[in-house]
file target.tsv (TSV, C-alpha atoms and all ligand atoms)
chain	number	residue	atom	x	y	z
A	16	MET	CA	-58.08	42.40	114.45
A	17	ASN	CA	-54.73	44.10	114.92
A	18	ASP	CA	-53.02	43.46	111.63
A	19	ARG	CA	-50.40	45.90	110.54
A	20	THR	CA	-51.11	46.93	106.95
A	21	PHE	CA	-48.54	48.23	104.49
A	22	GLY	CA	-48.40	52.02	104.94
A	23	GLU	CA	-46.82	54.22	102.30
A	24	GLU	CA	-43.28	53.96	103.69
A	25	THR	CA	-43.42	50.13	103.91
A	26	ALA	CA	-44.92	50.03	100.42
A	27	ARG	CA	-42.05	52.16	99.07
A	28	GLN	CA	-39.51	49.81	100.66
A	29	TRP	CA	-41.29	46.78	99.22
A	30	ILE	CA	-41.20	48.33	95.73
A	31	GLN	CA	-37.51	49.00	96.14
A	32	ILE	CA	-36.80	45.43	97.26
A	33	ILE	CA	-38.72	43.90	94.37
A	34	GLU	CA	-37.60	46.25	91.64
A	35	SER	CA	-34.01	47.11	92.46
A	36	ARG	CA	-32.06	43.85	92.40
A	37	GLY	CA	-32.13	40.27	91.25
A	38	ASN	CA	-34.05	38.25	93.80
A	39	PRO	CA	-33.04	34.57	93.94
A	40	VAL	CA	-36.17	33.49	95.86
A	41	ARG	CA	-38.35	35.01	93.13
A	42	GLU	CA	-36.28	33.82	90.18
A	43	GLN	CA	-35.35	30.35	91.40
A	44	ASP	CA	-38.29	29.33	93.58
A	45	LEU	CA	-41.33	31.50	93.04
A	46	SER	CA	-41.37	31.81	89.26
A	47	PRO	CA	-41.18	28.04	88.55
A	48	LEU	CA	-43.66	27.31	91.34
A	49	LEU	CA	-46.25	29.82	90.08
A	50	ARG	CA	-45.81	28.78	86.45
A	51	SER	CA	-46.16	25.11	87.18
A	52	TRP	CA	-49.20	25.66	89.41
A	53	VAL	CA	-50.92	27.75	86.71
A	54	GLU	CA	-50.10	25.13	84.04
A	55	THR	CA	-51.47	22.29	86.17
A	56	ALA	CA	-54.51	24.03	87.67
A	57	SER	CA	-55.17	25.80	84.36
A	58	PRO	CA	-57.58	28.42	85.76
A	59	LYS	CA	-59.44	30.64	83.29
A	60	ARG	CA	-60.19	33.27	85.93
A	61	LEU	CA	-57.40	33.90	88.37
A	62	LEU	CA	-57.36	35.96	91.57
A	63	GLU	CA	-54.25	37.00	93.50
A	64	ILE	CA	-54.85	38.07	97.11
A	65	GLY	CA	-52.31	40.65	98.29
A	66	CYS	CA	-50.70	41.27	94.89
A	67	GLY	CA	-48.41	44.09	96.09
A	68	GLN	CA	-46.86	45.92	93.16
A	69	GLY	CA	-47.92	43.15	90.75
A	70	ASP	CA	-44.65	41.23	90.38
A	71	CYS	CA	-46.22	37.74	90.58
A	72	SER	CA	-48.72	38.54	87.83
A	73	ALA	CA	-45.80	39.06	85.46
A	74	ARG	CA	-44.35	35.64	86.27
A	75	ILE	CA	-47.26	33.59	84.93
A	76	ASN	CA	-48.63	32.82	81.50
A	77	LEU	CA	-51.91	34.69	81.06
A	78	THR	CA	-52.71	33.49	77.53
A	79	ASN	CA	-56.44	32.67	77.47
A	80	ARG	CA	-56.81	33.64	81.13
A	81	SER	CA	-57.89	36.69	83.03
A	82	TYR	CA	-56.17	37.86	86.20
A	83	VAL	CA	-57.28	40.19	89.01
A	84	GLY	CA	-54.89	41.25	91.76
A	85	ILE	CA	-56.21	42.88	94.93
A	86	ASP	CA	-54.30	44.65	97.68
A	87	PRO	CA	-55.28	46.99	100.53
A	88	SER	CA	-52.38	49.37	99.79
A	89	PRO	CA	-53.48	52.06	97.30
A	90	PHE	CA	-49.83	52.94	96.80
A	91	LEU	CA	-48.95	49.38	95.69
A	92	ILE	CA	-52.08	49.06	93.54
A	93	ASN	CA	-51.14	52.27	91.71
A	94	ARG	CA	-47.66	50.93	91.07
A	95	ALA	CA	-49.07	47.58	89.82
A	96	LYS	CA	-51.35	49.43	87.40
A	97	GLU	CA	-48.47	51.59	86.19
A	98	LEU	CA	-46.27	48.57	85.52
A	99	TYR	CA	-48.55	45.75	84.46
A	100	GLU	CA	-52.20	46.63	83.83
A	101	SER	CA	-53.50	45.26	80.53
A	102	GLU	CA	-56.69	43.86	79.07
A	103	GLU	CA	-56.30	40.48	80.77
A	104	ARG	CA	-54.61	41.83	83.93
A	105	ARG	CA	-56.44	44.12	86.35
A	106	PHE	CA	-55.58	45.45	89.80
A	107	MET	CA	-57.93	46.82	92.42
A	108	SER	CA	-58.15	47.73	96.09
A	109	GLY	CA	-59.33	44.91	98.30
A	110	ASN	CA	-58.72	43.03	101.50
A	111	ALA	CA	-58.34	39.28	102.15
A	112	TYR	CA	-60.92	39.64	104.93
A	113	LYS	CA	-63.63	41.01	102.64
A	114	LEU	CA	-62.97	40.21	99.01
A	115	PRO	CA	-64.79	42.56	96.62
A	116	PHE	CA	-66.26	39.72	94.50
A	117	SER	CA	-69.37	37.56	94.31
A	118	GLU	CA	-69.44	33.85	95.08
A	119	ARG	CA	-67.64	31.43	92.76
A	120	GLU	CA	-66.09	34.05	90.49
A	121	PHE	CA	-62.67	32.39	90.17
A	122	ASP	CA	-61.21	29.03	89.06
A	123	GLY	CA	-57.92	29.67	90.79
A	124	VAL	CA	-56.77	31.80	93.72
A	125	PHE	CA	-53.21	32.39	94.86
A	126	SER	CA	-51.45	34.43	97.47
A	127	VAL	CA	-47.73	35.00	98.02
A	128	MET	CA	-46.18	36.15	101.32
A	129	VAL	CA	-49.50	37.39	102.68
A	130	TRP	CA	-50.98	34.64	104.86
A	131	HIS	CA	-48.40	35.24	107.62
A	132	LEU	CA	-49.53	38.88	107.80
A	133	LEU	CA	-53.08	37.83	108.70
A	134	SER	CA	-54.14	37.36	112.31
A	135	GLU	CA	-57.58	36.02	111.40
A	136	VAL	CA	-56.96	33.20	108.98
A	137	GLN	CA	-60.47	31.77	109.51
A	138	THR	CA	-62.06	34.85	107.94
A	139	ALA	CA	-59.53	34.93	105.11
A	140	ALA	CA	-60.02	31.19	104.38
A	141	ARG	CA	-63.80	31.62	104.32
A	142	GLU	CA	-63.50	34.52	101.90
A	143	MET	CA	-61.05	32.67	99.66
A	144	SER	CA	-63.38	29.68	99.49
A	145	ARG	CA	-66.45	31.84	98.84
A	146	VAL	CA	-65.04	33.43	95.69
A	147	MET	CA	-63.76	30.09	94.27
A	148	ARG	CA	-65.87	27.71	92.26
A	149	PRO	CA	-66.05	24.11	93.57
A	150	SER	CA	-63.05	22.12	92.25
A	151	GLY	CA	-61.16	25.40	91.84
A	152	HIS	CA	-57.48	25.37	92.85
A	153	PHE	CA	-55.55	27.46	95.34
A	154	LEU	CA	-51.86	28.08	96.09
A	155	MET	CA	-50.50	29.92	99.10
A	156	VAL	CA	-46.84	30.74	99.67
A	157	THR	CA	-46.23	31.80	103.24
A	158	ALA	CA	-43.79	31.67	106.14
A	159	ASN	CA	-43.00	28.16	107.36
A	160	PRO	CA	-44.34	28.32	110.94
A	161	GLU	CA	-41.87	25.60	111.89
A	162	ALA	CA	-38.96	27.89	110.98
A	163	ARG	CA	-39.55	30.32	113.84
A	164	SER	CA	-35.89	30.79	114.77
A	165	GLU	CA	-34.93	31.24	111.10
A	166	TRP	CA	-37.51	34.04	110.81
A	167	ALA	CA	-36.30	35.61	114.05
A	168	GLU	CA	-32.83	35.90	112.49
A	169	PHE	CA	-34.12	38.28	109.82
A	170	TYR	CA	-34.87	40.89	112.50
A	171	ILE	CA	-33.45	42.73	115.50
A	172	ASN	CA	-35.35	43.54	118.73
A	173	VAL	CA	-37.39	40.38	118.27
A	174	ASN	CA	-40.39	39.72	120.47
A	175	ILE	CA	-42.31	36.44	120.24
A	176	THR	CA	-45.71	36.10	121.90
A	177	GLY	CA	-47.61	32.92	121.08
A	178	ARG	CA	-47.78	32.67	117.30
A	179	CYS	CA	-46.94	36.35	116.80
A	180	LEU	CA	-43.35	37.31	115.97
A	181	GLU	CA	-42.43	40.98	115.89
A	182	GLY	CA	-39.14	42.57	115.01
A	183	ASP	CA	-37.36	45.53	113.46
A	184	ILE	CA	-35.75	45.49	110.05
A	185	GLN	CA	-32.32	47.07	110.06
A	186	GLY	CA	-30.50	48.49	107.06
A	187	GLU	CA	-28.06	51.29	106.26
A	188	GLY	CA	-27.29	51.53	109.99
A	189	LYS	CA	-30.84	52.43	110.99
A	190	ILE	CA	-34.18	50.80	111.73
A	191	LEU	CA	-36.14	50.77	108.49
A	192	ASP	CA	-39.37	49.15	109.57
A	193	HIS	CA	-41.21	47.01	112.09
A	194	ASP	CA	-42.76	43.69	111.01
A	195	VAL	CA	-45.45	41.59	112.66
A	196	LEU	CA	-45.74	37.97	111.47
A	197	TYR	CA	-48.34	35.40	112.47
A	198	LEU	CA	-46.76	31.96	112.43
A	199	HIS	CA	-49.99	29.95	112.56
A	200	PRO	CA	-49.18	26.28	113.25
A	201	LEU	CA	-49.46	24.09	110.14
A	202	ASP	CA	-52.21	21.93	111.65
A	203	ASP	CA	-54.24	25.08	112.31
A	204	ILE	CA	-53.78	26.31	108.76
A	205	VAL	CA	-54.88	22.95	107.34
A	206	SER	CA	-57.92	22.64	109.62
A	207	THR	CA	-58.92	26.26	109.05
A	208	LEU	CA	-58.84	25.73	105.30
A	209	ARG	CA	-60.74	22.44	105.62
A	210	PHE	CA	-63.43	24.12	107.72
A	211	ALA	CA	-63.85	26.65	104.89
A	212	GLY	CA	-64.28	23.83	102.32
A	213	LEU	CA	-60.70	23.90	101.04
A	214	GLU	CA	-58.77	20.61	101.07
A	215	VAL	CA	-54.97	20.76	101.19
A	216	GLY	CA	-53.32	18.44	98.64
A	217	SER	CA	-49.68	19.19	99.33
A	218	ILE	CA	-47.38	21.25	101.53
A	219	ALA	CA	-43.77	21.75	100.49
A	220	SER	CA	-41.13	23.78	102.28
A	221	PHE	CA	-38.35	25.58	100.39
A	222	ARG	CA	-35.50	28.12	100.62
A	223	LYS	CA	-32.90	28.12	103.36
A	224	SER	CA	-31.24	31.25	104.73
A	225	GLN	CA	-28.09	32.52	102.99
A	226	GLN	CA	-25.90	30.55	105.37
A	227	GLY	CA	-27.69	27.40	104.19
A	228	GLN	CA	-28.39	26.29	107.75
A	229	GLY	CA	-31.55	25.56	109.65
A	230	ARG	CA	-35.01	24.91	108.27
A	231	GLU	CA	-36.44	26.02	104.95
A	232	TYR	CA	-38.33	29.18	105.81
A	233	LEU	CA	-41.11	29.24	103.21
A	234	ILE	CA	-43.93	26.82	102.44
A	235	ALA	CA	-46.19	26.33	99.45
A	236	ILE	CA	-49.65	24.99	100.25
A	237	GLN	CA	-51.71	23.73	97.32
A	238	GLY	CA	-55.23	22.36	97.23
A	239	MET	CA	-58.79	22.52	95.96
A	240	ARG	CA	-62.22	23.71	96.98
A	241	VAL	CA	-64.11	20.50	97.73
A	242	ARG	CA	-67.48	21.89	98.82
B	301	LIG	C1	-44.71	40.85	101.34
B	301	LIG	S1	-45.88	41.68	100.33
B	301	LIG	C2	-46.15	40.51	99.01
B	301	LIG	C3	-46.71	41.12	97.76
B	301	LIG	C4	-46.93	40.14	96.60
B	301	LIG	N1	-47.76	39.04	96.98
B	301	LIG	C5	-45.61	39.63	96.10
B	301	LIG	O1	-45.18	38.54	96.52
B	301	LIG	O2	-44.99	40.34	95.28
B	301	LIG	C6	-47.32	41.48	101.29
B	301	LIG	C7	-48.56	42.10	100.65
B	301	LIG	O3	-49.71	41.71	101.43
B	301	LIG	C8	-50.58	42.81	101.45
B	301	LIG	N2	-51.53	42.62	102.56
B	301	LIG	C9	-51.34	42.89	103.88
B	301	LIG	N3	-52.48	42.66	104.57
B	301	LIG	C10	-53.39	42.22	103.66
B	301	LIG	C11	-54.77	41.85	103.75
B	301	LIG	N4	-55.43	41.88	104.91
B	301	LIG	N5	-55.40	41.49	102.61
B	301	LIG	C12	-54.74	41.46	101.42
B	301	LIG	N6	-53.44	41.80	101.29
B	301	LIG	C13	-52.78	42.19	102.38
B	301	LIG	C14	-49.66	44.01	101.59
B	301	LIG	O4	-50.30	45.22	101.26
B	301	LIG	C15	-48.54	43.62	100.64
B	301	LIG	O5	-48.78	44.06	99.34
call {"tool": "encode", "arguments": {"input": "target.tsv", "output": "structure tokens"}}
result
Amino acid sequence: MNDRTFGEETARQWIQIIESRGNPVREQDLSPLLRSWVETASPKRLLEIGCGQGDCSARINLTNRSYVGIDPSPFLINRAKELYESEERRFMSGNAYKLPFSEREFDGVFSVMVWHLLSEVQTAAREMSRVMRPSGHFLMVTANPEARSEWAEFYINVNITGRCLEGDIQGEGKILDHDVLYLHPLDDIVSTLRFAGLEVGSIASFRKSQQGQGREYLIAIQGMRVR
């Protein structure tokens, strides 16, 4: 596995992006999507895989629910604790490839902008399924693999090899960071989840680039654990 994890510098940039300005994708797309999924799935015990600095946990109604967010970045977990930790909302270190929980601990699992950072989706799907109870619900928001050229436009020095897209992020006249995305084909994602006992109920794409052209670059995949 060659995944690039969020080091301290990338984590700092992510915190700045999330906390420093209004974010239309989060306000207009993500918040209503997360809220409606939580209302419909109505999980009592909720897990977020790759919670970052905790922003998504603050966008959902946690009345009569408990929430745990895990992330491999200690820097982001510390920030999440600082901002949002409470009795019903906990944050801890953890990795999608080896979730620090026993079997069937959660009624609902969600993950936002993480799946396209994972090279080994089979392992992650197996882990997600393992910690969910049968009939539990999941939601994943990730890069639309069919919007490859739209993703390439976010970067400079782009290199595409198979399903892996790499590129540099430019800002303030310099290179800020290097990203590696795994644009796993949709059929692969669905069959990988199915193999792990997770049945996809719906896939919806959303959010076009600022120019409003091309494909919608994000997808929301919802479903249930069926075995
Ligand atoms: C783009 S950020 C999204 C954070 C959060 N989900 C949100 O939307 O606010 C991607 C997050 O995925 C986390 N991540 C990367 N590799 C991961 C892995 N193998 N398991 C769990 N999380 C991972 C990163 O540390 C980072 O916090």
call {"tool": "residues_near_ligand", "arguments": {"input": "target.tsv", "ligand": "ligand LIG 301 (chain B)", "cutoff": "8 Å", "atoms": "all atoms listed in the file", "output": "tab-separated table (two decimals) with C-alpha atoms, in the coordinates of the input"}}
result
chain	number	residue	atom	x	y	z
A	18	ASP	CA	-53.02	43.46	111.63
A	19	ARG	CA	-50.40	45.90	110.54
A	20	THR	CA	-51.11	46.93	106.95
A	21	PHE	CA	-48.54	48.23	104.49
A	22	GLY	CA	-48.40	52.02	104.94
A	26	ALA	CA	-44.92	50.03	100.42
A	29	TRP	CA	-41.29	46.78	99.22
A	33	ILE	CA	-38.72	43.90	94.37
A	63	GLU	CA	-54.25	37.00	93.50
A	64	ILE	CA	-54.85	38.07	97.11
A	65	GLY	CA	-52.31	40.65	98.29
A	66	CYS	CA	-50.70	41.27	94.89
A	67	GLY	CA	-48.41	44.09	96.09
A	68	GLN	CA	-46.86	45.92	93.16
A	69	GLY	CA	-47.92	43.15	90.75
A	70	ASP	CA	-44.65	41.23	90.38
A	71	CYS	CA	-46.22	37.74	90.58
A	85	ILE	CA	-56.21	42.88	94.93
A	86	ASP	CA	-54.30	44.65	97.68
A	87	PRO	CA	-55.28	46.99	100.53
A	88	SER	CA	-52.38	49.37	99.79
A	91	LEU	CA	-48.95	49.38	95.69
A	109	GLY	CA	-59.33	44.91	98.30
A	110	ASN	CA	-58.72	43.03	101.50
A	111	ALA	CA	-58.34	39.28	102.15
A	112	TYR	CA	-60.92	39.64	104.93
A	126	SER	CA	-51.45	34.43	97.47
A	127	VAL	CA	-47.73	35.00	98.02
A	128	MET	CA	-46.18	36.15	101.32
A	129	VAL	CA	-49.50	37.39	102.68
A	130	TRP	CA	-50.98	34.64	104.86
A	132	LEU	CA	-49.53	38.88	107.80
A	133	LEU	CA	-53.08	37.83	108.70
call {"tool": "atom_distance", "arguments": {"input": "target.tsv", "atom1": "atom CA of Arg163 of chain A", "atom2": "atom CA of Asp203 of chain A"}}
result
15.7 Å
call {"tool": "closest_residue", "arguments": {"input": "target.tsv", "among": "A:Leu49, A:Val195, A:Ile204, A:Leu233", "to": "Phe125 of chain A", "atoms": "only C-alpha atoms"}}
result
A:Leu49
call {"tool": "closest_residue", "arguments": {"input": "target.tsv", "among": "A:Leu77, A:Leu61, A:Ile171, A:Met147", "to": "Ser117 of chain A", "atoms": "only C-alpha atoms"}}
result
A:Met147
call {"tool": "axis_aligned_box", "arguments": {"input": "target.tsv", "around": "segment 206-219 of chain A", "padding_each_side": "6 Å", "output": "AutoDock Vina command-line options"}}
result
--center_x -54.0 --center_y 22.5 --center_z 104.1 --size_x 32.5 --size_y 20.2 --size_z 23.0
call {"tool": "closest_residue", "arguments": {"input": "target.tsv", "among": "A:Leu196, A:Arg119, A:Ala95, A:Lys189", "to": "Met143 of chain A", "atoms": "all atoms listed in the file"}}
result
A:Arg119
call {"tool": "closest_residue", "arguments": {"input": "target.tsv", "among": "A:Ile234, A:Ala219, A:Leu154, A:Ala56", "to": "His131 of chain A", "atoms": "all atoms listed in the file"}}
result
A:Ile234
call {"tool": "residues_near_point", "arguments": {"input": "target.tsv", "point": "(-44.2, 41.1, 119.3)", "cutoff": "12 Å", "atoms": "all atoms listed in the file", "output": "list of chain:residue names"}}
result
A:Asn17, A:Asp18, A:Arg19, A:Ala167, A:Tyr170, A:Ile171, A:Asn172, A:Val173, A:Asn174, A:Ile175, A:Thr176, A:Gly177, A:Arg178, A:Cys179, A:Leu180, A:Glu181, A:Gly182, A:Asp183, A:His193, A:Asp194, A:Val195, A:Leu196, A:Tyr197, A:Leu198
call {"tool": "closest_residue", "arguments": {"input": "target.tsv", "among": "A:Ser217, A:Val83, A:Ile184, A:Thr157", "to": "Gln28 of chain A", "atoms": "all atoms listed in the file"}}
result
A:Ile184
call {"tool": "atom_distance", "arguments": {"input": "target.tsv", "atom1": "atom CA of Glu23 of chain A", "atom2": "atom CA of Tyr99 of chain A"}}
result
19.8 Å
call {"tool": "closest_residue", "arguments": {"input": "target.tsv", "among": "A:Arg230, A:Arg240, A:Arg141, A:Arg148", "to": "Ala211 of chain A", "atoms": "only C-alpha atoms"}}
result
A:Arg141
call {"tool": "atom_distance", "arguments": {"input": "target.tsv", "atom1": "atom CA of Gly151 of chain A", "atom2": "atom CA of Asp122 of chain A"}}
result
4.6 Å
call {"tool": "residues_around", "arguments": {"input": "target.tsv", "residues": "Ile75 of chain A", "least_positions_apart": "5", "cutoff": "12 Å", "atoms": "only C-alpha atoms", "output": "PyMOL selection string"}}
result
chain A and resi 45-54+57-58+61+63+69-70+80-82+104+125
call {"tool": "decode", "arguments": {"input": "target.tsv", "residues": "segment 67-101 of chain A", "atoms": "C-alpha atoms", "output": "JSON list (two decimals), in the first residue's frame"}}
result
[["chain", "number", "residue", "atom", "x", "y", "z"],
["A", 67, "GLY", "CA", -10.46, 15.24, 9.58],
["A", 68, "GLN", "CA", -10.89, 18.22, 11.89],
["A", 69, "GLY", "CA", -14.46, 17.16, 12.73],
["A", 70, "ASP", "CA", -16.46, 19.50, 10.49],
["A", 71, "CYS", "CA", -18.99, 16.87, 9.32],
["A", 72, "SER", "CA", -19.83, 15.88, 12.89],
["A", 73, "ALA", "CA", -21.06, 19.41, 13.48],
["A", 74, "ARG", "CA", -23.40, 19.26, 10.48],
["A", 75, "ILE", "CA", -25.61, 16.46, 11.79],
["A", 76, "ASN", "CA", -28.19, 16.15, 14.53],
["A", 77, "LEU", "CA", -26.73, 14.04, 17.34],
["A", 78, "THR", "CA", -29.75, 14.12, 19.66],
["A", 79, "ASN", "CA", -30.16, 10.58, 21.05],
["A", 80, "ARG", "CA", -27.16, 9.36, 19.06],
["A", 81, "SER", "CA", -23.51, 8.80, 19.74],
["A", 82, "TYR", "CA", -20.80, 9.64, 17.23],
["A", 83, "VAL", "CA", -17.17, 8.51, 16.90],
["A", 84, "GLY", "CA", -14.84, 10.04, 14.32],
["A", 85, "ILE", "CA", -11.54, 8.36, 13.48],
["A", 86, "ASP", "CA", -8.62, 9.72, 11.48],
["A", 87, "PRO", "CA", -4.96, 8.69, 11.07],
["A", 88, "SER", "CA", -3.74, 12.29, 11.44],
["A", 89, "PRO", "CA", -3.03, 13.07, 15.11],
["A", 90, "PHE", "CA", -2.90, 16.75, 14.20],
["A", 91, "LEU", "CA", -6.46, 16.69, 12.80],
["A", 92, "ILE", "CA", -7.78, 14.56, 15.66],
["A", 93, "ASN", "CA", -6.41, 17.08, 18.17],
["A", 94, "ARG", "CA", -8.12, 19.90, 16.31],
["A", 95, "ALA", "CA", -11.42, 17.95, 16.18],
["A", 96, "LYS", "CA", -11.24, 17.38, 19.94],
["A", 97, "GLU", "CA", -10.47, 21.05, 20.55],
["A", 98, "LEU", "CA", -13.44, 22.20, 18.47],
["A", 99, "TYR", "CA", -16.15, 19.59, 18.89],
["A", 100, "GLU", "CA", -15.56, 16.89, 21.51],
["A", 101, "SER", "CA", -18.54, 16.39, 23.82]]
